[in-house]
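In what follows, a structure is listed as structure tokens, so that the remarks can point back to it.
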Amino acid sequence: MSQSLKRMPPLPTKRLPYGRQLVEPDDIEAVVKVLRSDWLTTGPSVDAFEKAVAQYVGAQHGVAVSSGTAALHAAMYALGLGPGDEVIVPPMTFAATANAAVFMGATPVFADVDAGTLLIDPNAVSRKISTRTKAIMAVDYAGQPCDYEALRPIAEEHGIALLADGCHAIGGTADGRRVGSIADMTAFSFHPVKHITTGEGGMVTTNDDALARRMRTFRNHGITSDHRQRSEQGSWFYEMVDLGFNYRITDFQCALGLSQLKKLDAWVARRQEIARQYDAAFAGTPVSGLKKREGVSHAYHLYVIKVPGNRQAVFTRLREAGIGANVHYIPVHLHPFYRQRFGYGPGLCPVAEAAYEQILSLPMYPAMTDEDVDYAAACVLEAVGAN
Ligand SMILES: *Cc1c(COP(=O)(O)O)cnc(C)c1O
């Protein structure tokens, strides 16, 4: 063992992943109750979860689906996108954000991010608008809401939709408005690493009645009525009006989501506390965090740092110490699929590409203790050779 490894703080008995769900006895009870009921899918718990999330974020409608990816796909479908259409997306995101445009035959056009926040840069968006642009898909990276005050006028000037991938940011606010009520449609994910979970699951929130209706049809094979509506009407007749998917979510998943939603505010507050503890630990060291925007409440899905020097070495040392550091994200345009299909590659988004070489996501989830956070921070500082 090297000298520096011996200086590491003692290994914890548990490993610290970068994110982890918290499922408590009341969550389990809520799920079991629905498992004993008449409706396992397309039932009243789906409606209740949709209404609760919509009300929480301050939107008229919530359309629950089977994943965050399905939510992004539904939003793109609702806009009626097709071949020849372009959607502006940032490269610093999970591939699904851009993939959703490709599902519709449309072209994702990458606009670079701001170097301080790694959020989509409104100036870069303006430069990428063309006559084919149909939507801007902003991503509230790491949980920080984007600069919607700058993005909204761009969307309005060009008569295009402003969408949000809010998969990192439920519970966040910008200028007093909750994520989910700012863009025309906002997609959420309830994967276990996200703020609240349904196992797999997602939702789109919107104030637009027509868009919500289209998404409800889309998630159910393009059929205009669902099983419960027909059962209530005593009818067997239905019509398939468009090509949709089975993107439905189950009632027991929604029961878990409803139970988890009650805890969201407390969990976001805990994430913010953890972020403050990391901020304090890294103040005055060569490790820097990302810039925080004025007027936002950051939901901290991720705590992202930029490390000086050899990121791979730091990553390896952290993994050895039981710290599940991760990298979010490989810029999407650099993936082989995007290089081959669209001819994208290095140089397209230099800010994101440079940031990618330096970033690491540290453990961040509400069940972390103060000691866990201290340990993770101490390991980072040791690994970068700063203490
Ligand atoms: C998690 C995530 C998704 C995909 O959500 P799934 O529920 O895993 O399909 C999309 N975009 C971002 C930014 C995400 O973090």
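Letters A, B, ... mark the chains of the structure tokens in the order given; residue numbers begin at 1 per chain; ligand numbers begin at 1, in order shown.
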With only C-alpha atoms and all ligand atoms counted, collect every polymer residue having an atom within 10 Å of ligand 1; state the result as a PDB file with N, CA and C atoms, in the first residue's frame.
```pdb
ATOM      1  N   VAL A  65     -46.118   8.345 -16.379  1.00  0.00           N
ATOM      2  CA  VAL A  65     -45.683   7.320 -17.345  1.00  0.00           C
ATOM      3  C   VAL A  65     -44.656   6.393 -16.680  1.00  0.00           C
ATOM      4  N   SER A  66     -44.152   5.457 -17.477  1.00  0.00           N
ATOM      5  CA  SER A  66     -43.357   4.368 -16.912  1.00  0.00           C
ATOM      6  C   SER A  66     -41.887   4.719 -16.649  1.00  0.00           C
ATOM      7  N   SER A  67     -41.408   5.854 -17.131  1.00  0.00           N
ATOM      8  CA  SER A  67     -40.028   6.271 -16.862  1.00  0.00           C
ATOM      9  C   SER A  67     -39.858   7.734 -17.227  1.00  0.00           C
ATOM     10  N   GLY A  68     -38.729   8.289 -16.827  1.00  0.00           N
ATOM     11  CA  GLY A  68     -38.394   9.649 -17.235  1.00  0.00           C
ATOM     12  C   GLY A  68     -38.178   9.725 -18.733  1.00  0.00           C
ATOM     13  N   THR A  69     -37.628   8.669 -19.290  1.00  0.00           N
ATOM     14  CA  THR A  69     -37.407   8.614 -20.734  1.00  0.00           C
ATOM     15  C   THR A  69     -38.746   8.629 -21.475  1.00  0.00           C
ATOM     16  N   ALA A  70     -39.723   7.865 -20.966  1.00  0.00           N
ATOM     17  CA  ALA A  70     -41.068   7.867 -21.557  1.00  0.00           C
ATOM     18  C   ALA A  70     -41.689   9.260 -21.447  1.00  0.00           C
ATOM     19  N   ALA A  71     -41.411   9.955 -20.338  1.00  0.00           N
ATOM     20  CA  ALA A  71     -41.933  11.316 -20.146  1.00  0.00           C
ATOM     21  C   ALA A  71     -41.356  12.253 -21.218  1.00  0.00           C
ATOM     22  N   LEU A  72     -40.053  12.160 -21.461  1.00  0.00           N
ATOM     23  CA  LEU A  72     -39.417  12.992 -22.489  1.00  0.00           C
ATOM     24  C   LEU A  72     -39.980  12.654 -23.869  1.00  0.00           C
ATOM     25  N   HIS A  73     -40.163  11.353 -24.133  1.00  0.00           N
ATOM     26  CA  HIS A  73     -40.709  10.913 -25.423  1.00  0.00           C
ATOM     27  C   HIS A  73     -42.133  11.449 -25.599  1.00  0.00           C
ATOM     28  N   MET A  92     -24.545  18.422 -21.750  1.00  0.00           N
ATOM     29  CA  MET A  92     -24.238  17.972 -20.389  1.00  0.00           C
ATOM     30  C   MET A  92     -25.515  17.427 -19.759  1.00  0.00           C
ATOM     31  N   THR A  93     -25.882  16.223 -20.168  1.00  0.00           N
ATOM     32  CA  THR A  93     -27.109  15.590 -19.688  1.00  0.00           C
ATOM     33  C   THR A  93     -27.027  14.099 -19.959  1.00  0.00           C
ATOM     34  N   PHE A  94     -28.018  13.373 -19.449  1.00  0.00           N
ATOM     35  CA  PHE A  94     -28.147  11.959 -19.760  1.00  0.00           C
ATOM     36  C   PHE A  94     -28.628  11.836 -21.213  1.00  0.00           C
ATOM     37  N   ALA A  95     -28.170  10.798 -21.888  1.00  0.00           N
ATOM     38  CA  ALA A  95     -28.453  10.641 -23.323  1.00  0.00           C
ATOM     39  C   ALA A  95     -29.953  10.693 -23.635  1.00  0.00           C
ATOM     40  N   ALA A  96     -30.800  10.238 -22.692  1.00  0.00           N
ATOM     41  CA  ALA A  96     -32.240  10.170 -22.959  1.00  0.00           C
ATOM     42  C   ALA A  96     -32.830  11.517 -23.368  1.00  0.00           C
ATOM     43  N   THR A  97     -32.266  12.627 -22.875  1.00  0.00           N
ATOM     44  CA  THR A  97     -32.790  13.955 -23.218  1.00  0.00           C
ATOM     45  C   THR A  97     -32.774  14.149 -24.733  1.00  0.00           C
ATOM     46  N   ALA A  98     -31.627  13.849 -25.331  1.00  0.00           N
ATOM     47  CA  ALA A  98     -31.478  14.015 -26.779  1.00  0.00           C
ATOM     48  C   ALA A  98     -32.159  12.867 -27.529  1.00  0.00           C
ATOM     49  N   ASN A  99     -32.077  11.672 -26.971  1.00  0.00           N
ATOM     50  CA  ASN A  99     -32.666  10.501 -27.628  1.00  0.00           C
ATOM     51  C   ASN A  99     -34.161  10.715 -27.901  1.00  0.00           C
ATOM     52  N   ALA A 100     -34.839  11.412 -26.986  1.00  0.00           N
ATOM     53  CA  ALA A 100     -36.287  11.606 -27.129  1.00  0.00           C
ATOM     54  C   ALA A 100     -36.619  12.312 -28.438  1.00  0.00           C
ATOM     55  N   ALA A 138     -34.435  22.517 -22.109  1.00  0.00           N
ATOM     56  CA  ALA A 138     -33.451  22.891 -21.087  1.00  0.00           C
ATOM     57  C   ALA A 138     -33.329  21.751 -20.080  1.00  0.00           C
ATOM     58  N   VAL A 139     -32.172  21.576 -19.501  1.00  0.00           N
ATOM     59  CA  VAL A 139     -31.958  20.522 -18.494  1.00  0.00           C
ATOM     60  C   VAL A 139     -31.491  21.185 -17.200  1.00  0.00           C
ATOM     61  N   ASP A 140     -32.237  20.954 -16.139  1.00  0.00           N
ATOM     62  CA  ASP A 140     -31.880  21.562 -14.849  1.00  0.00           C
ATOM     63  C   ASP A 140     -30.786  20.711 -14.205  1.00  0.00           C
ATOM     64  N   TYR A 141     -29.619  20.800 -14.815  1.00  0.00           N
ATOM     65  CA  TYR A 141     -28.482  19.937 -14.482  1.00  0.00           C
ATOM     66  C   TYR A 141     -28.129  19.996 -12.996  1.00  0.00           C
ATOM     67  N   ALA A 142     -27.968  18.836 -12.407  1.00  0.00           N
ATOM     68  CA  ALA A 142     -27.585  18.652 -11.004  1.00  0.00           C
ATOM     69  C   ALA A 142     -28.683  19.067 -10.024  1.00  0.00           C
ATOM     70  N   GLY A 143     -29.757  19.678 -10.559  1.00  0.00           N
ATOM     71  CA  GLY A 143     -30.854  20.112  -9.690  1.00  0.00           C
ATOM     72  C   GLY A 143     -31.031  21.612  -9.662  1.00  0.00           C
ATOM     73  N   ALA A 164     -38.600  21.479 -20.399  1.00  0.00           N
ATOM     74  CA  ALA A 164     -37.592  21.254 -19.376  1.00  0.00           C
ATOM     75  C   ALA A 164     -37.452  19.767 -19.097  1.00  0.00           C
ATOM     76  N   ASP A 165     -36.205  19.320 -19.055  1.00  0.00           N
ATOM     77  CA  ASP A 165     -35.907  18.022 -18.471  1.00  0.00           C
ATOM     78  C   ASP A 165     -35.604  18.321 -17.007  1.00  0.00           C
ATOM     79  N   GLY A 166     -36.617  18.091 -16.172  1.00  0.00           N
ATOM     80  CA  GLY A 166     -36.500  18.412 -14.751  1.00  0.00           C
ATOM     81  C   GLY A 166     -36.171  17.179 -13.913  1.00  0.00           C
ATOM     82  N   CYS A 167     -35.607  16.154 -14.561  1.00  0.00           N
ATOM     83  CA  CYS A 167     -35.352  14.877 -13.880  1.00  0.00           C
ATOM     84  C   CYS A 167     -34.430  15.038 -12.664  1.00  0.00           C
ATOM     85  N   HIS A 168     -33.624  16.120 -12.635  1.00  0.00           N
ATOM     86  CA  HIS A 168     -32.734  16.343 -11.495  1.00  0.00           C
ATOM     87  C   HIS A 168     -33.334  17.318 -10.480  1.00  0.00           C
ATOM     88  N   ALA A 169     -34.471  17.912 -10.794  1.00  0.00           N
ATOM     89  CA  ALA A 169     -34.765  19.177 -10.120  1.00  0.00           C
ATOM     90  C   ALA A 169     -36.128  19.286  -9.474  1.00  0.00           C
ATOM     91  N   ALA A 187     -40.423  17.304 -17.807  1.00  0.00           N
ATOM     92  CA  ALA A 187     -40.344  15.855 -17.597  1.00  0.00           C
ATOM     93  C   ALA A 187     -39.627  15.557 -16.292  1.00  0.00           C
ATOM     94  N   PHE A 188     -40.191  14.617 -15.542  1.00  0.00           N
ATOM     95  CA  PHE A 188     -39.572  14.162 -14.293  1.00  0.00           C
ATOM     96  C   PHE A 188     -39.321  12.657 -14.364  1.00  0.00           C
ATOM     97  N   SER A 189     -38.328  12.196 -13.587  1.00  0.00           N
ATOM     98  CA  SER A 189     -38.039  10.767 -13.458  1.00  0.00           C
ATOM     99  C   SER A 189     -38.177  10.380 -11.990  1.00  0.00           C
ATOM    100  N   PHE A 190     -38.678   9.179 -11.760  1.00  0.00           N
ATOM    101  CA  PHE A 190     -38.762   8.654 -10.390  1.00  0.00           C
ATOM    102  C   PHE A 190     -37.930   7.383 -10.255  1.00  0.00           C
ATOM    103  N   HIS A 191     -36.818   7.362 -10.956  1.00  0.00           N
ATOM    104  CA  HIS A 191     -35.814   6.294 -10.808  1.00  0.00           C
ATOM    105  C   HIS A 191     -35.239   6.374  -9.381  1.00  0.00           C
ATOM    106  N   PRO A 192     -34.776   5.260  -8.820  1.00  0.00           N
ATOM    107  CA  PRO A 192     -34.310   5.280  -7.421  1.00  0.00           C
ATOM    108  C   PRO A 192     -33.200   6.295  -7.078  1.00  0.00           C
ATOM    109  N   VAL A 193     -32.380   6.714  -8.036  1.00  0.00           N
ATOM    110  CA  VAL A 193     -31.371   7.726  -7.670  1.00  0.00           C
ATOM    111  C   VAL A 193     -31.942   9.138  -7.639  1.00  0.00           C
ATOM    112  N   LYS A 194     -33.160   9.333  -8.131  1.00  0.00           N
ATOM    113  CA  LYS A 194     -33.743  10.677  -8.166  1.00  0.00           C
ATOM    114  C   LYS A 194     -34.356  11.021  -6.801  1.00  0.00           C
ATOM    115  N   THR A 197     -38.945   8.214  -5.518  1.00  0.00           N
ATOM    116  CA  THR A 197     -38.934   7.091  -6.466  1.00  0.00           C
ATOM    117  C   THR A 197     -40.260   6.349  -6.529  1.00  0.00           C
ATOM    118  N   THR A 198     -40.490   5.752  -7.708  1.00  0.00           N
ATOM    119  CA  THR A 198     -41.579   4.783  -7.895  1.00  0.00           C
ATOM    120  C   THR A 198     -40.975   3.479  -8.421  1.00  0.00           C
ATOM    121  N   GLY A 199     -39.688   3.276  -8.209  1.00  0.00           N
ATOM    122  CA  GLY A 199     -38.973   2.152  -8.818  1.00  0.00           C
ATOM    123  C   GLY A 199     -38.478   2.598 -10.187  1.00  0.00           C
ATOM    124  N   GLU A 200     -39.316   2.436 -11.185  1.00  0.00           N
ATOM    125  CA  GLU A 200     -39.184   3.129 -12.462  1.00  0.00           C
ATOM    126  C   GLU A 200     -40.437   3.985 -12.592  1.00  0.00           C
ATOM    127  N   GLY A 201     -40.300   5.132 -13.209  1.00  0.00           N
ATOM    128  CA  GLY A 201     -41.487   5.964 -13.400  1.00  0.00           C
ATOM    129  C   GLY A 201     -41.110   7.360 -13.822  1.00  0.00           C
ATOM    130  N   GLY A 202     -42.110   8.087 -14.316  1.00  0.00           N
ATOM    131  CA  GLY A 202     -41.868   9.454 -14.737  1.00  0.00           C
ATOM    132  C   GLY A 202     -43.169  10.206 -14.858  1.00  0.00           C
ATOM    133  N   MET A 203     -43.084  11.510 -15.117  1.00  0.00           N
ATOM    134  CA  MET A 203     -44.282  12.324 -15.286  1.00  0.00           C
ATOM    135  C   MET A 203     -43.942  13.551 -16.116  1.00  0.00           C
ATOM    136  N   HIS A 301     -29.792  17.223  -6.975  1.00  0.00           N
ATOM    137  CA  HIS A 301     -29.744  15.794  -7.325  1.00  0.00           C
ATOM    138  C   HIS A 301     -28.290  15.323  -7.235  1.00  0.00           C
ATOM    139  N   LEU A 302     -27.379  16.171  -7.734  1.00  0.00           N
ATOM    140  CA  LEU A 302     -25.950  15.846  -7.727  1.00  0.00           C
ATOM    141  C   LEU A 302     -25.185  16.950  -7.018  1.00  0.00           C
ATOM    142  N   HIS A 328     -20.950  12.797 -14.269  1.00  0.00           N
ATOM    143  CA  HIS A 328     -22.189  13.197 -14.951  1.00  0.00           C
ATOM    144  C   HIS A 328     -21.919  14.488 -15.705  1.00  0.00           C
ATOM    145  N   TYR A 329     -21.713  14.469 -16.986  1.00  0.00           N
ATOM    146  CA  TYR A 329     -21.944  13.351 -17.904  1.00  0.00           C
ATOM    147  C   TYR A 329     -20.846  13.353 -18.966  1.00  0.00           C
TER     148      TYR A 329
END
```
Near Asp27 of chain A, within 6 Å and counting only C-alpha atoms, which residues show up once chain neighbours fewer than 3 positions away are dropped, as a PDB file with all heavy atoms, in the first residue's frame?
```pdb
ATOM      1  N   GLU A  24     -39.182   3.871   3.387  1.00  0.00           N
ATOM      2  CA  GLU A  24     -39.460   3.709   4.815  1.00  0.00           C
ATOM      3  C   GLU A  24     -40.730   2.856   5.017  1.00  0.00           C
ATOM      4  O   GLU A  24     -41.467   2.614   4.054  1.00  0.00           O
ATOM      5  CB  GLU A  24     -39.595   5.103   5.444  1.00  0.00           C
ATOM      6  CG  GLU A  24     -38.267   5.864   5.335  1.00  0.00           C
ATOM      7  CD  GLU A  24     -38.347   7.312   5.794  1.00  0.00           C
ATOM      8  OE1 GLU A  24     -39.253   8.047   5.362  1.00  0.00           O
ATOM      9  OE2 GLU A  24     -37.469   7.718   6.584  1.00  0.00           O
ATOM     10  N   ALA A  30     -48.038   1.695   2.121  1.00  0.00           N
ATOM     11  CA  ALA A  30     -48.864   2.310   1.071  1.00  0.00           C
ATOM     12  C   ALA A  30     -48.905   1.415  -0.168  1.00  0.00           C
ATOM     13  O   ALA A  30     -49.960   1.265  -0.797  1.00  0.00           O
ATOM     14  CB  ALA A  30     -48.317   3.695   0.719  1.00  0.00           C
ATOM     15  N   LEU A 256     -46.365   4.329  -4.026  1.00  0.00           N
ATOM     16  CA  LEU A 256     -45.032   4.615  -3.487  1.00  0.00           C
ATOM     17  C   LEU A 256     -44.668   6.073  -3.746  1.00  0.00           C
ATOM     18  O   LEU A 256     -44.196   6.778  -2.843  1.00  0.00           O
ATOM     19  CB  LEU A 256     -44.001   3.673  -4.138  1.00  0.00           C
ATOM     20  CG  LEU A 256     -42.544   3.836  -3.728  1.00  0.00           C
ATOM     21  CD1 LEU A 256     -42.368   3.714  -2.215  1.00  0.00           C
ATOM     22  CD2 LEU A 256     -41.658   2.799  -4.440  1.00  0.00           C
ATOM     23  N   SER A 259     -46.527   8.442  -1.401  1.00  0.00           N
ATOM     24  CA  SER A 259     -45.988   8.390  -0.050  1.00  0.00           C
ATOM     25  C   SER A 259     -44.646   9.138   0.005  1.00  0.00           C
ATOM     26  O   SER A 259     -44.371   9.886   0.952  1.00  0.00           O
ATOM     27  CB  SER A 259     -45.826   6.930   0.370  1.00  0.00           C
ATOM     28  OG  SER A 259     -45.332   6.830   1.666  1.00  0.00           O
TER      29      SER A 259
END
```
Query - Distance query Tyr356 of chain A at most 7 Å, only C-alpha atoms, self and fewer than 3 positions along chain excluded, as a PyMOL selection string - result: chain A and resi 329-330+352-353+359
Only C-alpha atoms, please: the residues just picked out, written as a short mmCIF file (atom, residue, chain, number, x, y, z; two decimals), in the first residue's frame.
```
data_model
loop_
_atom_site.label_atom_id
_atom_site.label_comp_id
_atom_site.auth_asym_id
_atom_site.auth_seq_id
_atom_site.Cartn_x
_atom_site.Cartn_y
_atom_site.Cartn_z
CA TYR A 329 -21.94 13.35 -17.90
CA ILE A 330 -19.99 12.26 -20.93
CA ALA A 352 -18.94 20.99 -21.95
CA GLU A 353 -16.04 18.99 -23.35
CA ILE A 359 -16.00 16.88 -13.09
#
```
Report task. Could you check how far atom CA of Val89 of chain A sits from atom CA of Leu151 of chain A, in Å to one decimal? Result ->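 Atom-to-atom, atom CA of Val89 of chain A and atom CA of Leu151 of chain A are spaced 12.2 Å apart.
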Query - All residues 7 Å or closer to Leu81 of chain A, only C-alpha atoms, same chain fewer than 3 positions away omitted, as a PyMOL selection string - result: chain A and resi 76-77+85+104+106
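With only C-alpha atoms taken into account, the protein and nucleic acid residues at most 9 Å from Gly324 of chain A (excluding it and anything under 6 positions from it in its own chain) are Arg15, Leu16, Pro17, Tyr18, Gly19, Phe315, Leu318, Ser361, Leu362 and Pro363 of chain A.
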Query raised in the report: Taking into account only C-alpha atoms, which residue in the set A:Lys306, A:Lys292, A:Arg216, A:Lys128 is nearest to Ala111 of chain A?
Result: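 Comparing A:Lys306, A:Lys292, A:Arg216, A:Lys128 against Ala111 of chain A, the winner is A:Lys128.
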